[in-house]
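Engineer: Structure provided below as structure tokens; questions to follow.
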Amino acid sequence: MSKSKIIGVNERVPLTKGIPLSIQHTFAMFSASILVPWLVGINPSIVLLMNGIGTLLFILITRGKAPAYLGSSFAFLSPIFIIIANKNLGYQYALGGFIVSGIIFCVIALLIKFVGTKWIDVVLPPAAMGPVVALIGLELAGTAAKTGAIVPNPDNGYTSLDPKLIAIFCITLLVAIFGGVVFRGFASAIAILISIVVGYLSALAFGVVDFSAISSASVFSLPTFMLPKFNLQAILIILPATLVVISEHIGHQVVTSEIVGKDLLKDPGLHKSILADGLSTTISGLCGSVPTTTYGENIGVMAITKVYSVWVIGGAAVFSIILAFIGKASALIQTIPAPVMGGVSFLLYGMIAASGLRLLVDEKVDYSRPRNLALSSVVFVTGLSGAYIQLGEVKLTGMALAAMVGMALGLIMYIIDKLHLANDHVDPKDIELKNFQK
């Protein structure tokens with residue numbers, strides 16, 4: 001990458017630069033964030049509105065010290081589908097589960113405030129945390145490939161490989177890769193946005209852009225709100241996904257800390273970022289939206305562009321809120337073909353995975369020590385093997401399961417270390433007695 005100027009977390013940028021930088025973040029989150037409401041069958045406008053509000057709330061609670069965009073969480077899709085499929089329930093009951101999940105986030109944030117964050121190094125030492133962070137990107141790699149239409153994906157209607165779609169994917173990806181290397185100055189900072197524009201133009205040239213959504217969309221539209229309903233069965237179905245998002249949140253904060261060069265778990269504090277995420281999810285549930293989570297796509301944008309400003313992130317949130325009320329603009333963005341977003345995501349997810357490896361390097365993890373080698377090995381294999389644990393109606397797998405396994409092993413290793421340390425200070429007479437007994 002070119003040595004472009006780093007724009008710090010609290011640094012303001014002129015509007016002429018800030019607007020395109022914010023639009024870049026909006027585009028980065030848009031495809032994935034809109035996909036969630038589309039899959040569960042609700043109006044995307046309410047999701048855009050609540051994502052924007054949630055992001056601004058996050059910036060406010062963390063006092064502008066932690067750059068993060070809150071988008072739609074995929075972790076809740078499986079339990080949502082289970083609730084929708086139940087003829088006695090429906091999406092409104094899922095909303096009740098979201099509210100309870102958000103409240104649990106807030107309770108955990110309160111506990112962290114009093115207990116602190118040192119326990120993270122105990123239950124997730126660097127040898128385990130690095131692979132967990134890497135798995136965030138690696139787990140999404142298949143999604144990028146399917147979205148980019150470089151592998152068959154019946155969900156998107158791509159049942160066979162289309163040379164046009166593959167060409168669009170490759171053009172977008174190459175511009176994103178070499179844009180950060182070749183471009184200079186401000187162009188380097190908006191390389192992702194430029195790659196999306198070039199990819200879109202190539203899609204127009206290949207004739208694969210569908211404008212029907214624009215013609216049918218109204219100029220102005222109001223988001224559709226929905227009141228939540230509460231049911232114990234629905235809540236119990238939703239709750240296990242909370243573990244997934246908490247693990248994801250911690251991983252994302254570690255990644256972002258590595259990128260911006262500042263320990264965000266200490267300042268502004270993990271308790272504040274989890275509180276913000278929890279309040280955002282609670283409000284989303286109250287208004288009829290989907291749960292929110294810190295977004296890997298936007299973390300990837302920061303890693304590539306070296307623009308960490310919360311003012312830029314806040315601008316993206318404002319654009320999201322505006323799009324929620326402008327039907328034509330929202331529909332125009334939805335015309336971006338999947339291979340374009342797939343090409344961008346292909347690089348962004350790889351950057352997240354690389355951040356996990358960077359954490360291992362920065363922490364100088366010594367793999368000549370058997371414990372470090374075992375921790376990293378088991379976490380990687382758990383996350384990539386397809387292993388799972390069934391918790392009621394929810395399957396815990398991938399990065400979430402790997403994080404749980406890493407925590408358990410990290411805690412066991414810590415106890416073993418403590419026992420060894422205790423043995424170093426036992427009475428010499430006790431050692432003689434043990435030798436005599438042997």
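Each chain of the structure tokens is named A, B, ... in the order shown, its residues numbered from 1; ligands are numbered from 1 in display order.
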Tell me, as JSON, numbers by chain, which residues lie within 7 Å of A:Leu165, counting only C-alpha atoms; anything in the same chain fewer than 3 positions away does not count.

Structural biologist: {"A": [149, 162, 168, 169, 339]}

Engineer: What is the atom CA of A:Ser202-atom CA of A:Lys164 distance in Å, reported with one decimal?

Structural biologist: 9.5 Å

Engineer: Using Å and a single decimal, report how far atom CA of A:Ile336 sits from atom CA of A:Val208.

Structural biologist: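 These atoms are spaced 9.6 Å apart.
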
Engineer: What's around stretch 233-243 of chain A at 8 Å? Count only C-alpha atoms, leave out sequence neighbours fewer than 4 positions away in its own chain, and write the answer as a PyMOL selection string.

Structural biologist: chain A and resi 75-76+79-80+82-83+89+93-94+96-98+100-101+105+247+391-394+400

Engineer: Once you have the residues from the selection above, write them out as a short mmCIF file (atom, residue, chain, number, x, y, z; two decimals), in the first residue's frame, restricted to N, CA, C and O atoms.

Structural biologist:
data_model
loop_
_atom_site.label_atom_id
_atom_site.label_comp_id
_atom_site.auth_asym_id
_atom_site.auth_seq_id
_atom_site.Cartn_x
_atom_site.Cartn_y
_atom_site.Cartn_z
N ALA A 75 -25.80 -13.00 12.67
CA ALA A 75 -25.78 -14.05 13.67
C ALA A 75 -27.20 -14.47 14.09
O ALA A 75 -27.41 -15.59 14.56
N PHE A 76 -28.17 -13.58 13.93
CA PHE A 76 -29.53 -13.86 14.37
C PHE A 76 -30.40 -14.46 13.28
O PHE A 76 -31.58 -14.75 13.53
N PRO A 79 -31.95 -18.19 14.13
CA PRO A 79 -33.09 -18.18 15.06
C PRO A 79 -34.30 -17.42 14.53
O PRO A 79 -35.44 -17.80 14.84
N ILE A 80 -34.07 -16.36 13.75
CA ILE A 80 -35.20 -15.61 13.16
C ILE A 80 -36.01 -16.53 12.25
O ILE A 80 -37.25 -16.55 12.30
N ILE A 82 -36.28 -19.71 12.38
CA ILE A 82 -36.99 -20.70 13.19
C ILE A 82 -38.27 -20.09 13.76
O ILE A 82 -39.34 -20.72 13.75
N ILE A 83 -38.19 -18.85 14.22
CA ILE A 83 -39.36 -18.17 14.79
C ILE A 83 -40.41 -17.89 13.72
O ILE A 83 -41.61 -18.09 13.92
N LEU A 89 -45.92 -18.15 16.07
CA LEU A 89 -45.09 -16.98 16.33
C LEU A 89 -45.04 -16.10 15.09
O LEU A 89 -45.95 -16.06 14.30
N TYR A 93 -42.43 -11.49 17.36
CA TYR A 93 -41.92 -12.18 18.54
C TYR A 93 -40.39 -12.24 18.53
O TYR A 93 -39.75 -12.27 19.58
N ALA A 94 -39.81 -12.26 17.33
CA ALA A 94 -38.35 -12.17 17.23
C ALA A 94 -37.87 -10.82 17.76
O ALA A 94 -36.82 -10.73 18.42
N GLY A 96 -39.11 -9.14 20.19
CA GLY A 96 -39.03 -9.23 21.65
C GLY A 96 -37.74 -9.88 22.10
O GLY A 96 -37.13 -9.47 23.09
N GLY A 97 -37.31 -10.91 21.35
CA GLY A 97 -36.03 -11.55 21.65
C GLY A 97 -34.86 -10.61 21.46
O GLY A 97 -33.89 -10.64 22.24
N PHE A 98 -34.93 -9.76 20.42
CA PHE A 98 -33.85 -8.79 20.18
C PHE A 98 -33.71 -7.84 21.37
O PHE A 98 -32.59 -7.50 21.78
N VAL A 100 -34.53 -8.35 24.55
CA VAL A 100 -33.92 -9.06 25.68
C VAL A 100 -32.43 -9.26 25.44
O VAL A 100 -31.60 -9.08 26.35
N SER A 101 -32.06 -9.59 24.20
CA SER A 101 -30.64 -9.77 23.85
C SER A 101 -29.87 -8.47 24.07
O SER A 101 -28.76 -8.47 24.62
N PHE A 105 -26.72 -7.53 26.71
CA PHE A 105 -25.51 -6.80 26.34
C PHE A 105 -25.21 -5.72 27.37
O PHE A 105 -24.07 -5.55 27.81
N SER A 247 -18.90 -12.36 21.16
CA SER A 247 -17.58 -12.80 20.70
C SER A 247 -17.13 -11.97 19.48
O SER A 247 -15.97 -11.56 19.38
N LEU A 391 -27.24 -25.64 20.59
CA LEU A 391 -27.80 -25.04 21.80
C LEU A 391 -29.28 -24.79 21.57
O LEU A 391 -29.67 -23.75 21.05
N GLY A 392 -30.10 -25.75 21.94
CA GLY A 392 -31.52 -25.62 21.66
C GLY A 392 -31.77 -25.65 20.16
O GLY A 392 -31.48 -26.62 19.48
N GLU A 393 -32.28 -24.53 19.64
CA GLU A 393 -32.58 -24.44 18.22
C GLU A 393 -31.47 -23.75 17.43
O GLU A 393 -31.57 -23.56 16.23
N VAL A 394 -30.41 -23.35 18.13
CA VAL A 394 -29.33 -22.59 17.49
C VAL A 394 -28.06 -23.42 17.41
O VAL A 394 -27.69 -24.11 18.37
N ALA A 400 -17.64 -18.24 16.30
CA ALA A 400 -18.25 -18.20 17.63
C ALA A 400 -17.85 -19.42 18.45
O ALA A 400 -17.46 -19.28 19.62
#

Engineer: Need the shell around A:Glu139: protein/DNA/RNA residues with any atom at most 12 Å away, counting only C-alpha atoms. Skip same-chain ones fewer than 4 positions apart. Format as a list in words?

Structural biologist: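 Using only C-alpha atoms, the neighbours found are Pro131, Val132, Val133, Ala134, Leu135, Thr143, Ala144, Ala145, Glu248, Gly296, Phe346, Tyr349, Gly350, Ile352, Ala353, Phe380, Thr382, Gly383, Leu384, Ser385, Gly386, Thr397, Gly398, Met399, Ala400, Leu401 and Ala402 of chain A.
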